[in-house]
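Taking it in order: structure first as structure tokens, then the write-up.
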Amino acid sequence: MHVQSLYTLLVLAVLLLPTNAYAAEREKVLLDTDMVEFFDDGVAMVMLANSPKVELLGITTLSGNSWVEEGTAYTIRQLELLGRTDIPVSMGLAYPFRPQRHELFEVERMTQGMGHDAWLGSFGLKQPVSWQAFYRARYAKEPTFAPVKQHAVDFIIDTVRANPGQVSIAAIGPCGNLAMAVRKAPDIIPLIKRVIYMGGAFFQPGNVTPAAEFNWWFDPEAAKIAVRTPFKEQIVFGLDVCEKVVFRKEHFDRLLRILGAGPMSAMLHGTFVGQMFAKDPAFTHYVWDVLVAAAIIDPTLITREVRQRVDINDQTGLSYGQSLAYPKFAPKGCQEMRIVLDVDIERFWNMVADPTYWSGSDTK
């Protein structure tokens, strides 16, 4: 073939490509969360909502760190401050799968012990009357928008069906909504692109009990259903990596400088970590859920992982909620997961402090 003719064909081929052929397609993400105010679920949400690499299809809430009513109010307020009231919010499960767990929790605590973290989430909090009542009491104003009427479980099902093979679910709270969704509509299982969890502690002790990490301990029955579901891909950020990324006052101050003056900065100051840094500049903490959001935005942050089959102990006792990883022989039904062990910590903190994720937020 003549060189000029070949060149012409190549030019035509390029011109016929879709206009976005050279641009990475935005990752479609559903964020399933037990939201807290700004930190750390809130930071994860902000980064996903503002990332040019992500299309945040919706936020589903459930009880865990907070009651679902409380977490929904936090989500609504933070989206208002971001100016992202276009992102739908859907309320989900208020209680874990095991009946009467809240009512019998004191007995459980006495018999199963406590880890190095005394945090109880909604097990130690009074349930709000409604998300609206909590919002009004917390912010002394009326919300400007509301969650959709559809239950979070149905929202997950419908969103996945509408975007087959495209949705990544960031499960950064307990697994109740996800487990209920796959139980109710198993047809969505092969349609989910991947599930990325924050949960578990595979090669080190737990935090809320000597055996278990908080998210999966809050609802071990749901976590077992989720991790045993044959999704195309499952990635988990457990304590094994999360407790290597230490949140220090220098990171806190750096984020405050990016935020400047305004309600987002005031909200960060008012969090538990903000109060603790004010009392003790040497205080340290972790940013568990933010790692999931950062890795969705930039998967190359992950520097080391292992692939093993995973299970959850859902039998009440000293190891209730323990996450288990099997390098060779696993119980039937266990699925292989990518267990993240290390991330590029310097690049991670640079990402968190990138003004891209914090510019343009509302100041109402």
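Residues in the structure tokens are named by chain (A, B, ... in the order shown) and by number from 1 within that chain; ligands are numbered from 1 in the order shown.
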- Item | 12 Å contact set for Thr72 of chain A, only C-alpha atoms, chain neighbours under 5 positions out, as a PyMOL selection string | chain A and resi 32-37+41-42+59-67+77-79+88-94+128+130-135+143+145-148+152
- A straight line from atom CA of Thr271 of chain A to atom CA of Val195 of chain A spans 28.4 Å
- Message: One decimal, in Å: what's the spacing between atom CA of His151 of chain A and atom CA of Asp314 of chain A?
- Response: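 Separation of atom CA of His151 of chain A and atom CA of Asp314 of chain A: 25.6 Å.
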Non-local contacts of Gly333 of chain A (9 Å; only C-alpha atoms; under 6 positions in same chain excluded) as an mmCIF file with N, CA and C atoms, in the first residue's frame:
data_model
loop_
_atom_site.group_PDB
_atom_site.id
_atom_site.type_symbol
_atom_site.label_atom_id
_atom_site.label_comp_id
_atom_site.auth_asym_id
_atom_site.auth_seq_id
_atom_site.Cartn_x
_atom_site.Cartn_y
_atom_site.Cartn_z
ATOM 1 N N ARG A 228 -18.783 -13.693 50.977
ATOM 2 C CA ARG A 228 -18.947 -15.004 50.334
ATOM 3 C C ARG A 228 -19.709 -14.911 49.006
ATOM 4 N N THR A 229 -20.152 -13.709 48.654
ATOM 5 C CA THR A 229 -20.844 -13.533 47.371
ATOM 6 C C THR A 229 -19.812 -13.537 46.237
ATOM 7 N N PRO A 230 -20.065 -14.268 45.165
ATOM 8 C CA PRO A 230 -19.074 -14.363 44.082
ATOM 9 C C PRO A 230 -19.061 -13.150 43.150
ATOM 10 N N ASP A 311 -13.206 -15.220 54.977
ATOM 11 C CA ASP A 311 -14.457 -15.577 55.637
ATOM 12 C C ASP A 311 -14.599 -14.763 56.921
#
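Within segment 227-290 of chain A, the backbone-based DSSP assignment of strand (DSSP E) covers A:Gln234, A:Ile235, A:Val236, A:Phe237, A:Val246, A:Phe247, A:His285, A:Tyr286.
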